[in-house]
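Heads up, my_file30.txt below (compact mmCIF, N, CA and C atoms and all ligand atoms):
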```txt
# COMPACT_ATOMS: atom_id res chain seq x y z
N MET A 1 54.06 55.57 -16.24
CA MET A 1 53.71 54.37 -17.02
C MET A 1 53.25 54.80 -18.41
N ARG A 2 53.76 54.11 -19.43
CA ARG A 2 53.37 54.46 -20.80
C ARG A 2 51.92 54.01 -21.05
N PRO A 3 51.26 54.74 -21.93
CA PRO A 3 49.85 54.40 -22.19
C PRO A 3 49.68 52.95 -22.63
N ALA A 4 50.61 52.43 -23.46
CA ALA A 4 50.46 51.05 -23.94
C ALA A 4 50.51 50.07 -22.76
N THR A 5 51.44 50.35 -21.81
CA THR A 5 51.57 49.47 -20.65
C THR A 5 50.29 49.54 -19.81
N ALA A 6 49.80 50.77 -19.65
CA ALA A 6 48.58 50.93 -18.87
C ALA A 6 47.43 50.18 -19.53
N ALA A 7 47.34 50.25 -20.85
CA ALA A 7 46.27 49.56 -21.56
C ALA A 7 46.39 48.04 -21.38
N ALA A 8 47.64 47.54 -21.44
CA ALA A 8 47.84 46.10 -21.28
C ALA A 8 47.42 45.65 -19.88
N LEU A 9 47.78 46.45 -18.88
CA LEU A 9 47.42 46.10 -17.51
C LEU A 9 45.90 46.13 -17.33
N LEU A 10 45.26 47.14 -17.94
CA LEU A 10 43.80 47.22 -17.84
C LEU A 10 43.18 45.99 -18.48
N GLY A 11 43.74 45.58 -19.63
CA GLY A 11 43.23 44.39 -20.31
C GLY A 11 43.31 43.17 -19.41
N LEU A 12 44.43 43.01 -18.70
CA LEU A 12 44.58 41.88 -17.78
C LEU A 12 43.51 41.91 -16.70
N LEU A 13 43.25 43.13 -16.19
CA LEU A 13 42.25 43.26 -15.13
C LEU A 13 40.87 42.87 -15.62
N LEU A 14 40.62 43.14 -16.90
CA LEU A 14 39.28 42.91 -17.44
C LEU A 14 39.08 41.47 -17.91
N LEU A 15 40.15 40.67 -17.97
CA LEU A 15 39.99 39.26 -18.35
C LEU A 15 39.01 38.61 -17.38
N PRO A 16 38.15 37.75 -17.88
CA PRO A 16 37.21 37.10 -16.96
C PRO A 16 37.96 36.31 -15.89
N ALA A 17 37.52 36.44 -14.68
CA ALA A 17 38.17 35.72 -13.59
C ALA A 17 37.99 34.22 -13.82
N ARG A 18 39.01 33.44 -13.54
CA ARG A 18 38.92 31.99 -13.68
C ARG A 18 37.94 31.49 -12.62
N PRO A 19 36.91 30.75 -13.07
CA PRO A 19 35.92 30.33 -12.07
C PRO A 19 36.55 29.36 -11.07
N LEU A 20 36.23 29.52 -9.82
CA LEU A 20 36.78 28.63 -8.79
C LEU A 20 36.04 27.31 -8.78
N ALA A 21 34.72 27.37 -8.97
CA ALA A 21 33.94 26.14 -8.97
C ALA A 21 34.26 25.36 -10.24
N ALA A 22 34.31 24.02 -10.12
CA ALA A 22 34.58 23.20 -11.29
C ALA A 22 33.45 23.39 -12.29
N ASP A 23 33.82 23.43 -13.56
CA ASP A 23 32.86 23.66 -14.62
C ASP A 23 32.46 22.31 -15.23
N GLY A 24 31.26 21.86 -14.92
CA GLY A 24 30.82 20.52 -15.34
C GLY A 24 30.81 20.34 -16.84
N ALA A 25 30.40 21.37 -17.58
CA ALA A 25 30.35 21.26 -19.04
C ALA A 25 31.75 21.07 -19.60
N GLU A 26 32.70 21.75 -18.98
CA GLU A 26 34.08 21.66 -19.44
C GLU A 26 34.66 20.28 -19.11
N VAL A 27 34.37 19.77 -17.91
CA VAL A 27 34.82 18.42 -17.53
C VAL A 27 34.23 17.40 -18.51
N TRP A 28 32.95 17.58 -18.80
CA TRP A 28 32.28 16.65 -19.71
C TRP A 28 32.96 16.64 -21.08
N ARG A 29 33.22 17.81 -21.62
CA ARG A 29 33.81 17.93 -22.94
C ARG A 29 35.20 17.30 -22.96
N ARG A 30 35.93 17.50 -21.88
CA ARG A 30 37.32 17.06 -21.82
C ARG A 30 37.44 15.56 -21.55
N LYS A 31 36.58 15.03 -20.66
CA LYS A 31 36.80 13.67 -20.16
C LYS A 31 35.71 12.67 -20.52
N CYS A 32 34.54 13.11 -20.87
CA CYS A 32 33.40 12.20 -21.00
C CYS A 32 32.84 12.15 -22.42
N ALA A 33 32.88 13.26 -23.13
CA ALA A 33 32.19 13.36 -24.42
C ALA A 33 32.76 12.37 -25.44
N GLY A 34 34.05 12.02 -25.32
CA GLY A 34 34.67 11.11 -26.27
C GLY A 34 33.93 9.79 -26.35
N CYS A 35 33.41 9.30 -25.24
CA CYS A 35 32.65 8.05 -25.24
C CYS A 35 31.15 8.30 -25.29
N HIS A 36 30.68 9.28 -24.53
CA HIS A 36 29.22 9.45 -24.37
C HIS A 36 28.62 10.40 -25.39
N GLY A 37 29.46 11.08 -26.17
CA GLY A 37 28.95 12.10 -27.09
C GLY A 37 28.83 13.44 -26.39
N ALA A 38 29.03 14.50 -27.14
CA ALA A 38 28.99 15.84 -26.56
C ALA A 38 27.65 16.10 -25.89
N ASP A 39 26.58 15.55 -26.46
CA ASP A 39 25.24 15.77 -25.92
C ASP A 39 24.77 14.59 -25.08
N GLY A 40 25.68 13.64 -24.77
CA GLY A 40 25.33 12.51 -23.93
C GLY A 40 24.45 11.47 -24.60
N SER A 41 24.28 11.58 -25.91
CA SER A 41 23.34 10.67 -26.59
C SER A 41 23.94 9.28 -26.87
N GLY A 42 25.23 9.11 -26.58
CA GLY A 42 25.78 7.77 -26.69
C GLY A 42 27.00 7.63 -27.57
N GLY A 43 27.31 8.63 -28.36
CA GLY A 43 28.53 8.62 -29.15
C GLY A 43 28.55 7.49 -30.16
N PRO A 44 29.73 7.28 -30.78
CA PRO A 44 29.83 6.27 -31.85
C PRO A 44 29.57 4.85 -31.35
N ARG A 45 29.80 4.61 -30.04
CA ARG A 45 29.59 3.24 -29.53
C ARG A 45 28.14 3.01 -29.10
N ARG A 46 27.31 4.00 -29.32
CA ARG A 46 25.88 3.87 -28.98
C ARG A 46 25.67 3.42 -27.54
N LEU A 47 26.31 4.11 -26.63
CA LEU A 47 26.11 3.82 -25.20
C LEU A 47 24.71 4.30 -24.80
N ALA A 48 24.28 3.83 -23.62
CA ALA A 48 22.98 4.25 -23.10
C ALA A 48 22.94 5.78 -23.02
N PRO A 49 21.87 6.40 -23.51
CA PRO A 49 21.80 7.87 -23.45
C PRO A 49 21.79 8.38 -22.01
N ILE A 50 22.67 9.32 -21.73
CA ILE A 50 22.82 9.84 -20.36
C ILE A 50 21.55 10.55 -19.90
N GLY A 51 20.80 11.12 -20.83
CA GLY A 51 19.57 11.83 -20.46
C GLY A 51 18.38 10.91 -20.26
N GLY A 52 18.57 9.62 -20.56
CA GLY A 52 17.45 8.68 -20.50
C GLY A 52 17.02 8.35 -19.08
N PRO A 53 15.82 7.79 -18.93
CA PRO A 53 15.24 7.58 -17.60
C PRO A 53 16.04 6.64 -16.71
N GLU A 54 16.69 5.61 -17.28
CA GLU A 54 17.40 4.65 -16.41
C GLU A 54 18.53 5.33 -15.65
N ILE A 55 19.28 6.14 -16.33
CA ILE A 55 20.41 6.81 -15.68
C ILE A 55 19.91 7.96 -14.81
N GLN A 56 18.94 8.71 -15.31
CA GLN A 56 18.46 9.87 -14.56
C GLN A 56 17.71 9.46 -13.29
N ALA A 57 17.23 8.20 -13.23
CA ALA A 57 16.51 7.74 -12.03
C ALA A 57 17.48 7.54 -10.86
N LYS A 58 18.76 7.40 -11.15
CA LYS A 58 19.74 7.17 -10.08
C LYS A 58 20.02 8.47 -9.33
N THR A 59 20.42 8.29 -8.07
CA THR A 59 20.71 9.47 -7.25
C THR A 59 22.08 10.02 -7.62
N ASP A 60 22.33 11.25 -7.23
CA ASP A 60 23.64 11.86 -7.47
C ASP A 60 24.74 11.00 -6.84
N ALA A 61 24.45 10.47 -5.64
CA ALA A 61 25.47 9.67 -4.94
C ALA A 61 25.78 8.40 -5.73
N GLN A 62 24.73 7.77 -6.30
CA GLN A 62 24.96 6.56 -7.10
C GLN A 62 25.79 6.87 -8.35
N LEU A 63 25.45 7.96 -9.01
CA LEU A 63 26.18 8.33 -10.23
C LEU A 63 27.62 8.70 -9.88
N PHE A 64 27.79 9.38 -8.74
CA PHE A 64 29.15 9.75 -8.31
C PHE A 64 30.00 8.48 -8.18
N GLU A 65 29.45 7.45 -7.53
CA GLU A 65 30.20 6.22 -7.31
C GLU A 65 30.57 5.56 -8.64
N VAL A 66 29.63 5.55 -9.60
CA VAL A 66 29.94 4.94 -10.90
C VAL A 66 31.09 5.68 -11.56
N VAL A 67 31.02 7.00 -11.54
CA VAL A 67 32.05 7.79 -12.22
C VAL A 67 33.38 7.63 -11.47
N ALA A 68 33.34 7.61 -10.15
CA ALA A 68 34.57 7.50 -9.36
C ALA A 68 35.21 6.12 -9.53
N GLN A 69 34.37 5.06 -9.55
CA GLN A 69 34.90 3.69 -9.57
C GLN A 69 35.00 3.12 -10.97
N GLY A 70 34.26 3.70 -11.91
CA GLY A 70 34.26 3.17 -13.26
C GLY A 70 33.39 1.92 -13.35
N ILE A 71 33.38 1.34 -14.54
CA ILE A 71 32.59 0.13 -14.79
C ILE A 71 33.57 -0.89 -15.36
N THR A 72 33.58 -2.08 -14.77
CA THR A 72 34.59 -3.06 -15.16
C THR A 72 34.02 -4.16 -16.05
N ALA A 73 32.71 -4.20 -16.25
CA ALA A 73 32.14 -5.23 -17.12
C ALA A 73 32.81 -5.12 -18.49
N PRO A 74 33.29 -6.26 -19.02
CA PRO A 74 34.13 -6.21 -20.22
C PRO A 74 33.47 -5.51 -21.41
N GLU A 75 32.20 -5.73 -21.60
CA GLU A 75 31.55 -5.17 -22.79
C GLU A 75 31.08 -3.74 -22.58
N ARG A 76 31.20 -3.24 -21.36
CA ARG A 76 30.80 -1.85 -21.13
C ARG A 76 31.76 -1.18 -20.15
N ARG A 77 33.01 -1.12 -20.52
CA ARG A 77 34.03 -0.57 -19.64
C ARG A 77 33.99 0.95 -19.61
N MET A 78 34.13 1.47 -18.41
CA MET A 78 34.33 2.91 -18.25
C MET A 78 35.45 3.10 -17.25
N PRO A 79 36.41 3.97 -17.55
CA PRO A 79 37.52 4.15 -16.61
C PRO A 79 37.07 4.74 -15.28
N ALA A 80 37.77 4.41 -14.21
CA ALA A 80 37.52 5.04 -12.91
C ALA A 80 38.13 6.44 -12.92
N PHE A 81 37.38 7.41 -12.45
CA PHE A 81 37.88 8.79 -12.49
C PHE A 81 38.39 9.27 -11.14
N ARG A 82 38.25 8.42 -10.10
CA ARG A 82 38.82 8.83 -8.80
C ARG A 82 40.34 8.90 -8.96
N GLY A 83 40.91 10.02 -8.55
CA GLY A 83 42.35 10.19 -8.71
C GLY A 83 42.70 10.93 -10.00
N LYS A 84 41.82 10.84 -11.01
CA LYS A 84 42.06 11.58 -12.25
C LYS A 84 41.34 12.91 -12.23
N LEU A 85 40.19 12.94 -11.55
CA LEU A 85 39.42 14.17 -11.39
C LEU A 85 39.25 14.43 -9.91
N ALA A 86 39.17 15.71 -9.54
CA ALA A 86 38.84 16.05 -8.16
C ALA A 86 37.38 15.70 -7.91
N ASP A 87 37.03 15.41 -6.65
CA ASP A 87 35.63 15.12 -6.32
C ASP A 87 34.71 16.22 -6.83
N ALA A 88 35.17 17.47 -6.70
CA ALA A 88 34.35 18.60 -7.13
C ALA A 88 34.12 18.58 -8.64
N GLU A 89 35.10 18.06 -9.37
CA GLU A 89 34.93 17.98 -10.83
C GLU A 89 33.93 16.88 -11.18
N ILE A 90 33.99 15.76 -10.46
CA ILE A 90 33.02 14.69 -10.71
C ILE A 90 31.62 15.20 -10.38
N SER A 91 31.47 15.87 -9.24
CA SER A 91 30.16 16.40 -8.85
C SER A 91 29.65 17.40 -9.89
N ALA A 92 30.55 18.23 -10.40
CA ALA A 92 30.15 19.23 -11.40
C ALA A 92 29.69 18.55 -12.68
N ALA A 93 30.39 17.48 -13.08
CA ALA A 93 30.00 16.75 -14.29
C ALA A 93 28.61 16.14 -14.10
N ILE A 94 28.35 15.62 -12.89
CA ILE A 94 27.04 15.01 -12.62
C ILE A 94 25.95 16.09 -12.62
N ALA A 95 26.25 17.22 -12.01
CA ALA A 95 25.27 18.32 -12.04
C ALA A 95 24.97 18.71 -13.48
N TRP A 96 26.01 18.70 -14.31
CA TRP A 96 25.81 19.07 -15.72
C TRP A 96 24.99 18.01 -16.45
N LEU A 97 25.27 16.72 -16.17
CA LEU A 97 24.53 15.70 -16.92
C LEU A 97 23.06 15.66 -16.51
N ARG A 98 22.73 16.23 -15.35
CA ARG A 98 21.30 16.38 -14.99
C ARG A 98 20.58 17.31 -15.96
N THR A 99 21.32 18.21 -16.58
CA THR A 99 20.68 19.14 -17.52
C THR A 99 20.28 18.43 -18.81
N LEU A 100 20.73 17.16 -18.98
CA LEU A 100 20.39 16.40 -20.18
C LEU A 100 19.09 15.63 -20.00
N LYS A 101 18.53 15.66 -18.79
CA LYS A 101 17.34 14.87 -18.47
C LYS A 101 16.23 15.13 -19.48
N ARG A 102 15.66 14.01 -19.95
CA ARG A 102 14.59 14.17 -20.94
C ARG A 102 13.27 13.75 -20.34
C1 LIG B 1 36.15 5.09 -22.28
C2 LIG B 1 34.74 5.47 -22.43
C3 LIG B 1 34.05 6.26 -21.33
C4 LIG B 1 34.43 7.46 -20.79
C5 LIG B 1 35.66 8.29 -21.09
C6 LIG B 1 33.37 7.81 -19.85
N1 LIG B 1 32.40 6.85 -19.82
FE1 LIG B 1 30.70 6.88 -18.73
N2 LIG B 1 30.21 5.03 -19.41
C7 LIG B 1 30.92 4.33 -20.37
C8 LIG B 1 30.24 3.07 -20.63
C9 LIG B 1 30.68 1.99 -21.62
C10 LIG B 1 29.09 3.06 -19.80
C11 LIG B 1 28.01 2.00 -19.75
C12 LIG B 1 26.96 2.47 -20.75
C13 LIG B 1 26.03 1.42 -21.25
O1 LIG B 1 25.85 0.42 -20.59
O2 LIG B 1 25.47 1.65 -22.35
C14 LIG B 1 29.09 4.32 -19.07
C15 LIG B 1 28.11 4.69 -18.18
C16 LIG B 1 28.04 5.93 -17.56
C17 LIG B 1 26.96 6.35 -16.71
C18 LIG B 1 25.74 5.53 -16.35
C19 LIG B 1 26.04 4.74 -15.11
C20 LIG B 1 24.92 3.85 -14.69
O3 LIG B 1 24.88 3.54 -13.49
O4 LIG B 1 24.09 3.45 -15.54
C21 LIG B 1 27.26 7.62 -16.29
C22 LIG B 1 26.43 8.50 -15.36
C23 LIG B 1 28.51 7.97 -16.88
N3 LIG B 1 28.97 6.92 -17.66
C24 LIG B 1 29.14 9.18 -16.70
C25 LIG B 1 30.39 9.49 -17.21
C26 LIG B 1 31.10 10.72 -16.90
C27 LIG B 1 30.57 11.83 -16.00
C28 LIG B 1 32.28 10.65 -17.56
C29 LIG B 1 33.41 11.66 -17.55
C30 LIG B 1 33.92 12.05 -16.26
C31 LIG B 1 32.31 9.38 -18.29
N4 LIG B 1 31.15 8.71 -18.05
C32 LIG B 1 33.35 8.96 -19.10
C33 LIG B 1 32.08 4.71 -20.98
C34 LIG B 1 32.79 5.87 -20.72
```

Written form, structure tokens:
Amino acid sequence: MRPATAAALLGLLLLPARPLAADGAEVWRRKCAGCHGADGSGGPRRLAPIGGPEIQAKTDAQLFEVVAQGITAPERRMPAFRGKLADAEISAAIAWLRTLKR
């Protein structure tokens, strides 16, 4: 094997392994931050802050259902994520939004 090939193979081995567990911060950035803001503070539409007491008082199971089913009230619509995200991705996003608790 030529040294360059060996170096390339070593580089591949050293690449960080793709995490198996869903990455909540990544899910948030990709699917949620557009409406809620990167830091969950409410974005341009001034939604309720995700770190605020009203949302943080809810259980993980309650938040999971909201994210899975979405919100259909006309003035505060949120898409349903069941079928768009794996359950593990929804759970990871919820675990991440707990880190915003104020
Ligand atoms: C198209 C815009 C939009 C996207 C995308 C979106 N949301 Fe929402 N979300 C909303 C709106 C609107 C509300 C209602 C907020 C309000 O009343 O101020 C809401 C409310 C919530 C709440 C509070 C629920 C409650 O019971 O009070 C949580 C938690 C939440 N979103 C999580 C998420 C997560 C996690 C994602 C990404 C997987 C996400 N949202 C993506 C628009 C969005």

Closest-contact table, chain A side, partner ligand LIG 1 (chain B), 6 Å, counting only N, CA and C atoms and all ligand atoms, as a tab-separated table:
```
residue	atom	partner	partner_atom	distance
A:Val27	C	B:LIG1	C30	5.8
A:Trp28	CA	B:LIG1	C29	5.6
A:Lys31	C	B:LIG1	C29	3.9
A:Cys32	CA	B:LIG1	C29	3.5
A:Ala33	N	B:LIG1	C29	5.8
A:Gly34	C	B:LIG1	C5	5.7
A:Cys35	CA	B:LIG1	C2	4.3
A:His36	N	B:LIG1	C34	5.5
A:Arg46	C	B:LIG1	O2	5.5
A:Leu47	CA	B:LIG1	O2	3.6
A:Ala48	N	B:LIG1	O2	2.8
A:Glu54	C	B:LIG1	O4	5.9
A:Ile55	CA	B:LIG1	O4	5.0
A:Leu63	CA	B:LIG1	C22	5.1
A:Val66	CA	B:LIG1	C19	5.7
A:Val67	CA	B:LIG1	C24	5.5
A:Glu75	C	B:LIG1	C9	5.8
A:Arg76	C	B:LIG1	C9	3.7
A:Arg77	C	B:LIG1	C9	4.0
A:Met78	CA	B:LIG1	C33	4.0
A:Pro79	N	B:LIG1	C1	4.9
A:Ala93	C	B:LIG1	C27	5.1
A:Ile94	N	B:LIG1	C27	5.4
```

Selected residues written out with N, CA and C atoms, as a short mmCIF file (atom, residue, chain, number, x, y, z; two decimals), in the coordinates of the input:
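Wrote out.cif, looks like this:
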```
data_model
loop_
_atom_site.label_atom_id
_atom_site.label_comp_id
_atom_site.auth_asym_id
_atom_site.auth_seq_id
_atom_site.Cartn_x
_atom_site.Cartn_y
_atom_site.Cartn_z
N VAL A 27 34.37 19.77 -17.91
CA VAL A 27 34.82 18.42 -17.53
C VAL A 27 34.23 17.40 -18.51
N TRP A 28 32.95 17.58 -18.80
CA TRP A 28 32.28 16.65 -19.71
C TRP A 28 32.96 16.64 -21.08
N LYS A 31 36.58 15.03 -20.66
CA LYS A 31 36.80 13.67 -20.16
C LYS A 31 35.71 12.67 -20.52
N CYS A 32 34.54 13.11 -20.87
CA CYS A 32 33.40 12.20 -21.00
C CYS A 32 32.84 12.15 -22.42
N ALA A 33 32.88 13.26 -23.13
CA ALA A 33 32.19 13.36 -24.42
C ALA A 33 32.76 12.37 -25.44
N GLY A 34 34.05 12.02 -25.32
CA GLY A 34 34.67 11.11 -26.27
C GLY A 34 33.93 9.79 -26.35
N CYS A 35 33.41 9.30 -25.24
CA CYS A 35 32.65 8.05 -25.24
C CYS A 35 31.15 8.30 -25.29
N HIS A 36 30.68 9.28 -24.53
CA HIS A 36 29.22 9.45 -24.37
C HIS A 36 28.62 10.40 -25.39
N ARG A 46 27.31 4.00 -29.32
CA ARG A 46 25.88 3.87 -28.98
C ARG A 46 25.67 3.42 -27.54
N LEU A 47 26.31 4.11 -26.63
CA LEU A 47 26.11 3.82 -25.20
C LEU A 47 24.71 4.30 -24.80
N ALA A 48 24.28 3.83 -23.62
CA ALA A 48 22.98 4.25 -23.10
C ALA A 48 22.94 5.78 -23.02
N GLU A 54 16.69 5.61 -17.28
CA GLU A 54 17.40 4.65 -16.41
C GLU A 54 18.53 5.33 -15.65
N ILE A 55 19.28 6.14 -16.33
CA ILE A 55 20.41 6.81 -15.68
C ILE A 55 19.91 7.96 -14.81
N LEU A 63 25.45 7.96 -9.01
CA LEU A 63 26.18 8.33 -10.23
C LEU A 63 27.62 8.70 -9.88
N VAL A 66 29.63 5.55 -9.60
CA VAL A 66 29.94 4.94 -10.90
C VAL A 66 31.09 5.68 -11.56
N VAL A 67 31.02 7.00 -11.54
CA VAL A 67 32.05 7.79 -12.22
C VAL A 67 33.38 7.63 -11.47
N GLU A 75 32.20 -5.73 -21.60
CA GLU A 75 31.55 -5.17 -22.79
C GLU A 75 31.08 -3.74 -22.58
N ARG A 76 31.20 -3.24 -21.36
CA ARG A 76 30.80 -1.85 -21.13
C ARG A 76 31.76 -1.18 -20.15
N ARG A 77 33.01 -1.12 -20.52
CA ARG A 77 34.03 -0.57 -19.64
C ARG A 77 33.99 0.95 -19.61
N MET A 78 34.13 1.47 -18.41
CA MET A 78 34.33 2.91 -18.25
C MET A 78 35.45 3.10 -17.25
N PRO A 79 36.41 3.97 -17.55
CA PRO A 79 37.52 4.15 -16.61
C PRO A 79 37.07 4.74 -15.28
N ALA A 93 30.39 17.48 -13.08
CA ALA A 93 30.00 16.75 -14.29
C ALA A 93 28.61 16.14 -14.10
N ILE A 94 28.35 15.62 -12.89
CA ILE A 94 27.04 15.01 -12.62
C ILE A 94 25.95 16.09 -12.62
#
```

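A straight line drawn from atom CA of Glu65 of chain A to atom CA of Pro49 of chain A is 18.3 Å long.
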
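From atom N of Arg82 of chain A back to atom N of Gly70 of chain A, the distance works out to 6.4 Å.
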
- Task: Extract the full set of strand (DSSP E or B) residues from chain A according to DSSP on the backbone, and format it as a PyMOL selection string.
- Result: chain A and resi 71+78+82+85

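Comparing the minimum interatomic distances between Ala22 of chain A and each of A:Ile71, A:Ala8, A:Ile90, A:Leu97, counting all atoms listed in the file, we find that A:Ile90 sits nearest.
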
- Using atom CA of Ala92 of chain A and atom CA of Ala25 of chain A as the two end points, give the distance in Å to one decimal. 7.9 Å

Save segment 60-89 of chain A to a file: N, CA and C atoms, as a short mmCIF file (atom, residue, chain, number, x, y, z; two decimals), in the first residue's frame.
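Below is the file selection33.cif, written as the result:
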```cif
data_model
loop_
_atom_site.label_atom_id
_atom_site.label_comp_id
_atom_site.auth_asym_id
_atom_site.auth_seq_id
_atom_site.Cartn_x
_atom_site.Cartn_y
_atom_site.Cartn_z
N ASP A 60 -42.35 15.80 29.95
CA ASP A 60 -41.76 15.38 28.67
C ASP A 60 -42.83 14.74 27.78
N ALA A 61 -43.72 13.95 28.41
CA ALA A 61 -44.75 13.25 27.63
C ALA A 61 -45.70 14.27 27.00
N GLN A 62 -46.05 15.32 27.75
CA GLN A 62 -46.94 16.35 27.20
C GLN A 62 -46.28 17.08 26.03
N LEU A 63 -45.02 17.43 26.21
CA LEU A 63 -44.30 18.14 25.14
C LEU A 63 -44.14 17.23 23.93
N PHE A 64 -43.88 15.95 24.18
CA PHE A 64 -43.74 15.00 23.06
C PHE A 64 -45.02 15.02 22.22
N GLU A 65 -46.18 14.96 22.89
CA GLU A 65 -47.45 14.93 22.16
C GLU A 65 -47.65 16.20 21.34
N VAL A 66 -47.29 17.36 21.91
CA VAL A 66 -47.46 18.61 21.16
C VAL A 66 -46.59 18.57 19.90
N VAL A 67 -45.35 18.15 20.07
CA VAL A 67 -44.44 18.15 18.92
C VAL A 67 -44.90 17.10 17.90
N ALA A 68 -45.35 15.95 18.38
CA ALA A 68 -45.78 14.89 17.46
C ALA A 68 -47.06 15.28 16.71
N GLN A 69 -48.00 15.92 17.43
CA GLN A 69 -49.31 16.21 16.83
C GLN A 69 -49.40 17.60 16.24
N GLY A 70 -48.50 18.49 16.67
CA GLY A 70 -48.55 19.86 16.20
C GLY A 70 -49.66 20.63 16.90
N ILE A 71 -49.81 21.88 16.49
CA ILE A 71 -50.83 22.76 17.07
C ILE A 71 -51.65 23.27 15.90
N THR A 72 -52.97 23.14 16.00
CA THR A 72 -53.81 23.48 14.86
C THR A 72 -54.53 24.81 15.03
N ALA A 73 -54.43 25.43 16.20
CA ALA A 73 -55.09 26.73 16.38
C ALA A 73 -54.56 27.68 15.31
N PRO A 74 -55.49 28.37 14.61
CA PRO A 74 -55.08 29.13 13.43
C PRO A 74 -54.00 30.18 13.72
N GLU A 75 -54.09 30.84 14.84
CA GLU A 75 -53.13 31.92 15.09
C GLU A 75 -51.83 31.42 15.70
N ARG A 76 -51.77 30.14 16.02
CA ARG A 76 -50.51 29.61 16.56
C ARG A 76 -50.25 28.21 16.02
N ARG A 77 -50.14 28.10 14.73
CA ARG A 77 -49.96 26.80 14.09
C ARG A 77 -48.53 26.30 14.24
N MET A 78 -48.44 25.02 14.53
CA MET A 78 -47.15 24.34 14.49
C MET A 78 -47.35 23.02 13.76
N PRO A 79 -46.49 22.68 12.83
CA PRO A 79 -46.69 21.43 12.09
C PRO A 79 -46.54 20.21 13.00
N ALA A 80 -47.24 19.13 12.66
CA ALA A 80 -47.07 17.86 13.36
C ALA A 80 -45.78 17.22 12.87
N PHE A 81 -44.98 16.73 13.80
CA PHE A 81 -43.69 16.14 13.41
C PHE A 81 -43.71 14.62 13.40
N ARG A 82 -44.84 14.02 13.81
CA ARG A 82 -44.92 12.55 13.72
C ARG A 82 -44.88 12.17 12.24
N GLY A 83 -43.98 11.25 11.91
CA GLY A 83 -43.84 10.87 10.51
C GLY A 83 -42.73 11.65 9.81
N LYS A 84 -42.44 12.86 10.31
CA LYS A 84 -41.34 13.64 9.73
C LYS A 84 -40.06 13.42 10.50
N LEU A 85 -40.20 13.19 11.80
CA LEU A 85 -39.05 12.90 12.67
C LEU A 85 -39.29 11.56 13.33
N ALA A 86 -38.21 10.84 13.61
CA ALA A 86 -38.32 9.61 14.39
C ALA A 86 -38.67 9.99 15.83
N ASP A 87 -39.34 9.08 16.55
CA ASP A 87 -39.66 9.35 17.95
C ASP A 87 -38.40 9.74 18.72
N ALA A 88 -37.29 9.06 18.42
CA ALA A 88 -36.04 9.34 19.13
C ALA A 88 -35.55 10.76 18.85
N GLU A 89 -35.85 11.26 17.65
CA GLU A 89 -35.43 12.63 17.33
C GLU A 89 -36.30 13.63 18.09
#
```
